[in-house]
>>> print(open('run.pdb').read())   # PDB, C-alpha atoms
ATOM      1  CA  VAL Y   1     -39.486  49.309 -46.650
ATOM      2  CA  GLN Y   2     -40.890  51.123 -43.635
ATOM      3  CA  LEU Y   3     -39.348  50.957 -40.170
ATOM      4  CA  GLN Y   4     -41.283  51.339 -36.931
ATOM      5  CA  ALA Y   5     -39.077  51.767 -33.892
ATOM      6  CA  SER Y   6     -40.042  52.106 -30.268
ATOM      7  CA  GLY Y   7     -38.336  52.371 -26.911
ATOM      8  CA  GLY Y   8     -35.928  55.102 -26.003
ATOM      9  CA  GLY Y   9     -36.500  57.917 -23.553
ATOM     10  CA  LEU Y  10     -34.788  58.530 -20.229
ATOM     11  CA  ALA Y  11     -32.732  55.816 -18.567
ATOM     12  CA  GLN Y  12     -30.704  55.737 -15.364
ATOM     13  CA  PRO Y  13     -26.952  55.160 -15.371
ATOM     14  CA  GLY Y  14     -26.379  51.463 -14.820
ATOM     15  CA  GLY Y  15     -29.834  50.696 -16.130
ATOM     16  CA  SER Y  16     -31.043  48.905 -19.218
ATOM     17  CA  LEU Y  17     -33.107  49.602 -22.283
ATOM     18  CA  ARG Y  18     -34.661  47.599 -25.082
ATOM     19  CA  LEU Y  19     -35.142  48.983 -28.542
ATOM     20  CA  PRO Y  20     -37.367  47.057 -30.935
ATOM     21  CA  CYS Y  21     -37.731  47.936 -34.594
ATOM     22  CA  ALA Y  22     -40.119  46.322 -37.052
ATOM     23  CA  ALA Y  23     -39.712  46.410 -40.826
ATOM     24  CA  SER Y  24     -42.596  46.179 -43.239
ATOM     25  CA  GLY Y  25     -43.118  46.449 -46.973
ATOM     26  CA  SER Y  26     -41.272  44.763 -49.833
ATOM     27  CA  ILE Y  27     -38.635  42.802 -47.940
ATOM     28  CA  PHE Y  28     -36.175  40.471 -49.593
ATOM     29  CA  SER Y  29     -35.165  37.621 -47.315
ATOM     30  CA  PHE Y  30     -31.411  38.329 -47.439
ATOM     31  CA  ASN Y  31     -30.947  41.460 -45.356
ATOM     32  CA  GLU Y  32     -29.373  43.015 -42.316
ATOM     33  CA  MET Y  33     -31.085  44.923 -39.524
ATOM     34  CA  GLY Y  34     -29.474  46.951 -36.818
ATOM     35  CA  TRP Y  35     -29.165  50.076 -34.774
ATOM     36  CA  TYR Y  36     -26.922  53.071 -35.236
ATOM     37  CA  ARG Y  37     -26.556  56.080 -32.984
ATOM     38  CA  GLN Y  38     -25.521  59.682 -33.321
ATOM     39  CA  ALA Y  39     -24.459  61.801 -30.368
ATOM     40  CA  PRO Y  40     -24.480  65.604 -30.611
ATOM     41  CA  GLY Y  41     -21.648  66.816 -32.798
ATOM     42  CA  LYS Y  42     -20.601  63.312 -33.792
ATOM     43  CA  GLN Y  43     -21.132  61.081 -36.802
ATOM     44  CA  ARG Y  44     -23.650  58.280 -36.940
ATOM     45  CA  ASP Y  45     -22.010  55.007 -35.877
ATOM     46  CA  LEU Y  46     -23.026  51.388 -35.773
ATOM     47  CA  VAL Y  47     -24.186  50.026 -32.435
ATOM     48  CA  ALA Y  48     -25.062  46.494 -33.487
ATOM     49  CA  SER Y  49     -26.375  44.636 -36.495
ATOM     50  CA  ILE Y  50     -27.629  41.167 -37.360
ATOM     51  CA  THR Y  51     -28.187  39.588 -40.741
ATOM     52  CA  SER Y  52     -31.119  37.397 -41.694
ATOM     53  CA  VAL Y  53     -28.800  34.395 -41.405
ATOM     54  CA  GLY Y  54     -27.656  35.345 -37.924
ATOM     55  CA  LEU Y  55     -24.314  37.061 -38.444
ATOM     56  CA  ILE Y  56     -23.850  39.645 -35.681
ATOM     57  CA  ASN Y  57     -21.637  42.674 -35.343
ATOM     58  CA  TYR Y  58     -21.229  44.913 -32.276
ATOM     59  CA  ALA Y  59     -19.432  48.183 -31.775
ATOM     60  CA  ASP Y  60     -16.575  47.811 -29.306
ATOM     61  CA  SER Y  61     -18.240  50.359 -27.039
ATOM     62  CA  VAL Y  62     -21.265  48.125 -26.428
ATOM     63  CA  LYS Y  63     -19.718  44.672 -26.763
ATOM     64  CA  GLY Y  64     -20.278  42.538 -23.704
ATOM     65  CA  ARG Y  65     -23.199  44.560 -22.401
ATOM     66  CA  SER Y  66     -25.541  44.470 -25.370
ATOM     67  CA  THR Y  67     -27.475  41.803 -27.190
ATOM     68  CA  ILE Y  68     -29.053  42.086 -30.604
ATOM     69  CA  SER Y  69     -31.581  39.550 -31.809
ATOM     70  CA  ARG Y  70     -34.239  39.294 -34.465
ATOM     71  CA  ASP Y  71     -37.453  37.559 -35.364
ATOM     72  CA  ASN Y  72     -37.360  36.818 -39.085
ATOM     73  CA  VAL Y  73     -41.079  36.002 -39.188
ATOM     74  CA  LYS Y  74     -41.968  39.400 -37.760
ATOM     75  CA  ASN Y  75     -39.045  41.175 -39.473
ATOM     76  CA  THR Y  76     -38.264  42.732 -36.117
ATOM     77  CA  VAL Y  77     -34.912  43.435 -34.516
ATOM     78  CA  TYR Y  78     -34.362  43.903 -30.794
ATOM     79  CA  LEU Y  79     -31.448  45.663 -29.121
ATOM     80  CA  GLN Y  80     -30.961  45.081 -25.411
ATOM     81  CA  MET Y  81     -28.408  47.376 -23.785
ATOM     82  CA  ASN Y  82     -27.299  47.019 -20.174
ATOM     83  CA  SER Y  83     -24.999  48.930 -17.850
ATOM     84  CA  LEU Y  84     -25.914  52.204 -19.493
ATOM     85  CA  SER Y  85     -23.734  55.264 -19.042
ATOM     86  CA  PRO Y  86     -24.160  58.917 -20.062
ATOM     87  CA  GLU Y  87     -21.899  58.136 -23.027
ATOM     88  CA  ASP Y  88     -24.765  56.084 -24.459
ATOM     89  CA  THR Y  89     -26.862  59.222 -24.794
ATOM     90  CA  ALA Y  90     -27.652  59.699 -28.473
ATOM     91  CA  VAL Y  91     -30.330  59.534 -31.117
ATOM     92  CA  TYR Y  92     -30.684  55.881 -32.072
ATOM     93  CA  TYR Y  93     -31.616  54.999 -35.637
ATOM     94  CA  CYS Y  94     -32.988  51.702 -36.817
ATOM     95  CA  ASN Y  95     -31.470  50.488 -40.062
ATOM     96  CA  PHE Y  96     -32.637  47.946 -42.619
ATOM     97  CA  ARG Y  97     -30.062  47.029 -45.226
ATOM     98  CA  GLN Y  98     -31.217  45.126 -48.250
ATOM     99  CA  LEU Y  99     -28.337  42.863 -49.321
ATOM    100  CA  TRP Y 100     -29.838  41.332 -52.451
ATOM    101  CA  PRO Y 101     -30.360  41.936 -55.344
ATOM    102  CA  LYS Y 102     -28.444  45.116 -54.524
ATOM    103  CA  GLU Y 103     -27.395  46.802 -51.338
ATOM    104  CA  TYR Y 104     -29.694  49.584 -50.166
ATOM    105  CA  ASP Y 105     -30.233  51.247 -46.793
ATOM    106  CA  TYR Y 106     -33.501  52.247 -45.183
ATOM    107  CA  TRP Y 107     -33.586  54.320 -41.997
ATOM    108  CA  GLY Y 108     -36.052  54.846 -39.210
ATOM    109  CA  GLN Y 109     -36.755  58.349 -37.976
ATOM    110  CA  GLY Y 110     -34.633  58.047 -34.832
ATOM    111  CA  THR Y 111     -35.413  57.809 -31.158
ATOM    112  CA  LEU Y 112     -33.651  59.784 -28.439
ATOM    113  CA  VAL Y 113     -32.053  57.887 -25.581
ATOM    114  CA  THR Y 114     -30.890  59.981 -22.644
ATOM    115  CA  VAL Y 115     -28.913  58.371 -19.838
ATOM    116  CA  SER Y 116     -28.935  60.614 -16.825
ATOM    117  CA  SER Y 117     -29.654  60.560 -13.124
TER     118      SER Y 117
END
>>> encode(input="run.pdb", output="structure tokens")
Amino acid sequence: VQLQASGGGLAQPGGSLRLPCAASGSIFSFNEMGWYRQAPGKQRDLVASITSVGLINYADSVKGRSTISRDNVKNTVYLQMNSLSPEDTAVYYCNFRQLWPKEYDYWGQGTLVTVSS
């Protein structure tokens, strides 16, 4: 599975960003796609994820100001984040998790998001 992510860059505090990520290759229909982020000196943490059957999970830090969605035909996930703050600055990684026949993670190369005025 290959992941092609876009978006990222510089954003203003209070602004918004949209991060799409498309998966291609040998994709089993039962899977989960999402975004993780890693700030300098910190571990990589989940931002939001969505399964192919629509189960969604958000990190507490983005809940209420973020929306994750997906297009199962295009195998593309979209993360919309609003009310950005400098604390959202991190490298964002797209993740594709195969859930069947066995669990396996694929990662995108990462895209830097900087929130600064």
>>> atom_distance(input="run.pdb", atom1="CA of Arg18 (chain Y)", atom2="CA of Tyr78 (chain Y)")
6.8 Å
>>> residues_around(input="run.pdb", residues="Gln4 (chain Y)", least_positions_apart="3", cutoff="7 Å", atoms="all atoms listed in the file", output="list in words")
Cys21, Ala22, Ala23 and Gly108 of chain Y
>>> resolve_selection(input="run.pdb", expression="the PyMOL selection byres ((chain Y and resi 25) around 12)", output="list in words")
Val1, Gln2, Leu3, Gln4, Ala22, Ala23, Ser24, Ser26, Ile27, Phe28, Ser29, Lys74, Asn75, Phe96 and Tyr106 of chain Y
>>> atom_distance(input="run.pdb", atom1="CA of Ala90 (chain Y)", atom2="CA of Tyr104 (chain Y)")
24.0 Å
>>> closest_residue(input="run.pdb", among="Y:Ile68, Y:Ala11, Y:Met33, Y:Leu99", to="Glu87 (chain Y)", atoms="all atoms listed in the file")
Y:Ala11
>>> atom_distance(input="run.pdb", atom1="CA of Ala48 (chain Y)", atom2="CA of Val73 (chain Y)")
20.0 Å
>>> closest_residue(input="run.pdb", among="Y:Ser52, Y:Val77, Y:Gly8, Y:Tyr92", to="Gly34 (chain Y)", atoms="only C-alpha atoms")
Y:Val77
>>> resolve_selection(input="run.pdb", expression="the PyMOL selection byres ((chain Y and resi 67) around 9)", output="PyMOL selection string")
chain Y and resi 48+58+62-66+68-69+78-82
>>> closest_residue(input="run.pdb", among="Y:Thr111, Y:Gln43, Y:Ser85, Y:Thr76", to="Ser61 (chain Y)", atoms="all atoms listed in the file")
Y:Ser85
>>> closest_residue(input="run.pdb", among="Y:Arg37, Y:Asp105, Y:Gly54, Y:Gly7", to="Leu19 (chain Y)", atoms="only C-alpha atoms")
Y:Gly7
>>> axis_aligned_box(input="run.pdb", around="region 56-67 of chain Y", padding_each_side="3 Å", output="AutoDock Vina command-line options")
--center_x -22.0 --center_y 45.0 --center_z -29.0 --size_x 16.9 --size_y 16.7 --size_z 19.3
>>> closest_residue(input="run.pdb", among="Y:Asn57, Y:Cys94, Y:Leu84, Y:Thr114", to="Arg44 (chain Y)", atoms="only C-alpha atoms")
Y:Cys94
>>> closest_residue(input="run.pdb", among="Y:Ala59, Y:Arg97, Y:Gly15, Y:Leu46", to="Glu32 (chain Y)", atoms="all atoms listed in the file")
Y:Arg97
>>> resolve_selection(input="run.pdb", expression="the PyMOL selection byres ((chain Y and resi 115) around 6)", output="list in words")
Leu10, Ala11, Gln12, Pro13, Pro86, Thr89, Thr114 and Ser116 of chain Y
>>> write_last_selection(input="run.pdb", atoms="C-alpha atoms", output="PDB file, in the frame of the given file")
ATOM      1  CA  LEU Y  10     -34.788  58.530 -20.229  1.00  0.00           C
ATOM      2  CA  ALA Y  11     -32.732  55.816 -18.567  1.00  0.00           C
ATOM      3  CA  GLN Y  12     -30.704  55.737 -15.364  1.00  0.00           C
ATOM      4  CA  PRO Y  13     -26.952  55.160 -15.371  1.00  0.00           C
ATOM      5  CA  PRO Y  86     -24.160  58.917 -20.062  1.00  0.00           C
ATOM      6  CA  THR Y  89     -26.862  59.222 -24.794  1.00  0.00           C
ATOM      7  CA  THR Y 114     -30.890  59.981 -22.644  1.00  0.00           C
ATOM      8  CA  SER Y 116     -28.935  60.614 -16.825  1.00  0.00           C
TER       9      SER Y 116
END
>>> build_atoms(input="run.pdb", residues="region 85-96 of chain Y", atoms="all heavy atoms", output="compact mmCIF listing (two decimals), keeping the file's coordinate frame")
# COMPACT_ATOMS: atom_id res chain seq x y z
N SER Y 85 -24.48 54.13 -19.58
CA SER Y 85 -23.73 55.26 -19.04
C SER Y 85 -24.14 56.51 -19.83
O SER Y 85 -24.74 56.41 -20.91
CB SER Y 85 -22.24 55.02 -19.17
OG SER Y 85 -21.84 55.15 -20.51
N PRO Y 86 -23.83 57.69 -19.30
CA PRO Y 86 -24.16 58.92 -20.06
C PRO Y 86 -23.58 58.94 -21.47
O PRO Y 86 -24.13 59.61 -22.35
CB PRO Y 86 -23.55 60.02 -19.19
CG PRO Y 86 -23.62 59.46 -17.80
CD PRO Y 86 -23.34 58.01 -17.96
N GLU Y 87 -22.50 58.20 -21.69
CA GLU Y 87 -21.90 58.14 -23.03
C GLU Y 87 -22.80 57.43 -24.04
O GLU Y 87 -22.56 57.49 -25.24
CB GLU Y 87 -20.54 57.44 -22.98
CG GLU Y 87 -19.42 58.28 -22.34
CD GLU Y 87 -19.59 58.46 -20.85
OE1 GLU Y 87 -20.05 57.53 -20.17
OE2 GLU Y 87 -19.25 59.57 -20.36
N ASP Y 88 -23.80 56.74 -23.55
CA ASP Y 88 -24.76 56.08 -24.46
C ASP Y 88 -25.86 57.04 -24.92
O ASP Y 88 -26.70 56.67 -25.74
CB ASP Y 88 -25.40 54.88 -23.77
CG ASP Y 88 -24.40 53.77 -23.50
OD1 ASP Y 88 -23.63 53.42 -24.41
OD2 ASP Y 88 -24.38 53.27 -22.36
N THR Y 89 -25.87 58.24 -24.39
CA THR Y 89 -26.86 59.22 -24.79
C THR Y 89 -26.67 59.59 -26.25
O THR Y 89 -25.58 59.99 -26.67
CB THR Y 89 -26.76 60.48 -23.92
OG1 THR Y 89 -27.08 60.15 -22.58
CG2 THR Y 89 -27.70 61.57 -24.42
N ALA Y 90 -27.73 59.44 -27.04
CA ALA Y 90 -27.65 59.70 -28.47
C ALA Y 90 -29.04 59.52 -29.08
O ALA Y 90 -29.95 59.01 -28.43
CB ALA Y 90 -26.67 58.75 -29.15
N VAL Y 91 -29.16 59.90 -30.33
CA VAL Y 91 -30.33 59.53 -31.12
C VAL Y 91 -30.01 58.19 -31.76
O VAL Y 91 -28.98 58.04 -32.43
CB VAL Y 91 -30.67 60.58 -32.18
CG1 VAL Y 91 -31.85 60.12 -33.03
CG2 VAL Y 91 -30.97 61.92 -31.52
N TYR Y 92 -30.88 57.23 -31.55
CA TYR Y 92 -30.68 55.88 -32.07
C TYR Y 92 -31.56 55.70 -33.31
O TYR Y 92 -32.76 56.00 -33.29
CB TYR Y 92 -31.04 54.85 -31.01
CG TYR Y 92 -29.98 54.72 -29.95
CD1 TYR Y 92 -29.75 55.75 -29.03
CD2 TYR Y 92 -29.17 53.58 -29.86
CE1 TYR Y 92 -28.77 55.65 -28.07
CE2 TYR Y 92 -28.19 53.46 -28.89
CZ TYR Y 92 -27.99 54.51 -28.01
OH TYR Y 92 -27.00 54.41 -27.05
N TYR Y 93 -30.93 55.19 -34.36
CA TYR Y 93 -31.62 55.00 -35.64
C TYR Y 93 -31.66 53.52 -35.99
O TYR Y 93 -30.62 52.85 -35.99
CB TYR Y 93 -30.91 55.75 -36.76
CG TYR Y 93 -30.92 57.25 -36.62
CD1 TYR Y 93 -29.89 57.92 -35.96
CD2 TYR Y 93 -31.96 58.00 -37.15
CE1 TYR Y 93 -29.89 59.29 -35.84
CE2 TYR Y 93 -31.97 59.38 -37.03
CZ TYR Y 93 -30.94 60.02 -36.37
OH TYR Y 93 -30.96 61.39 -36.26
N CYS Y 94 -32.84 53.06 -36.30
CA CYS Y 94 -32.99 51.70 -36.82
C CYS Y 94 -32.59 51.68 -38.29
O CYS Y 94 -32.92 52.61 -39.05
CB CYS Y 94 -34.44 51.25 -36.65
SG CYS Y 94 -34.76 49.59 -37.26
N ASN Y 95 -31.91 50.63 -38.68
CA ASN Y 95 -31.47 50.49 -40.06
C ASN Y 95 -31.89 49.14 -40.63
O ASN Y 95 -31.79 48.11 -39.95
CB ASN Y 95 -29.95 50.62 -40.12
CG ASN Y 95 -29.37 50.26 -41.48
OD1 ASN Y 95 -28.88 49.15 -41.69
ND2 ASN Y 95 -29.42 51.19 -42.41
N PHE Y 96 -32.38 49.17 -41.86
CA PHE Y 96 -32.64 47.95 -42.62
C PHE Y 96 -31.80 48.03 -43.88
O PHE Y 96 -31.94 48.98 -44.66
CB PHE Y 96 -34.12 47.83 -42.97
CG PHE Y 96 -34.46 46.62 -43.78
CD1 PHE Y 96 -34.91 45.48 -43.17
CD2 PHE Y 96 -34.32 46.61 -45.17
CE1 PHE Y 96 -35.23 44.35 -43.91
CE2 PHE Y 96 -34.62 45.49 -45.92
CZ PHE Y 96 -35.09 44.35 -45.28
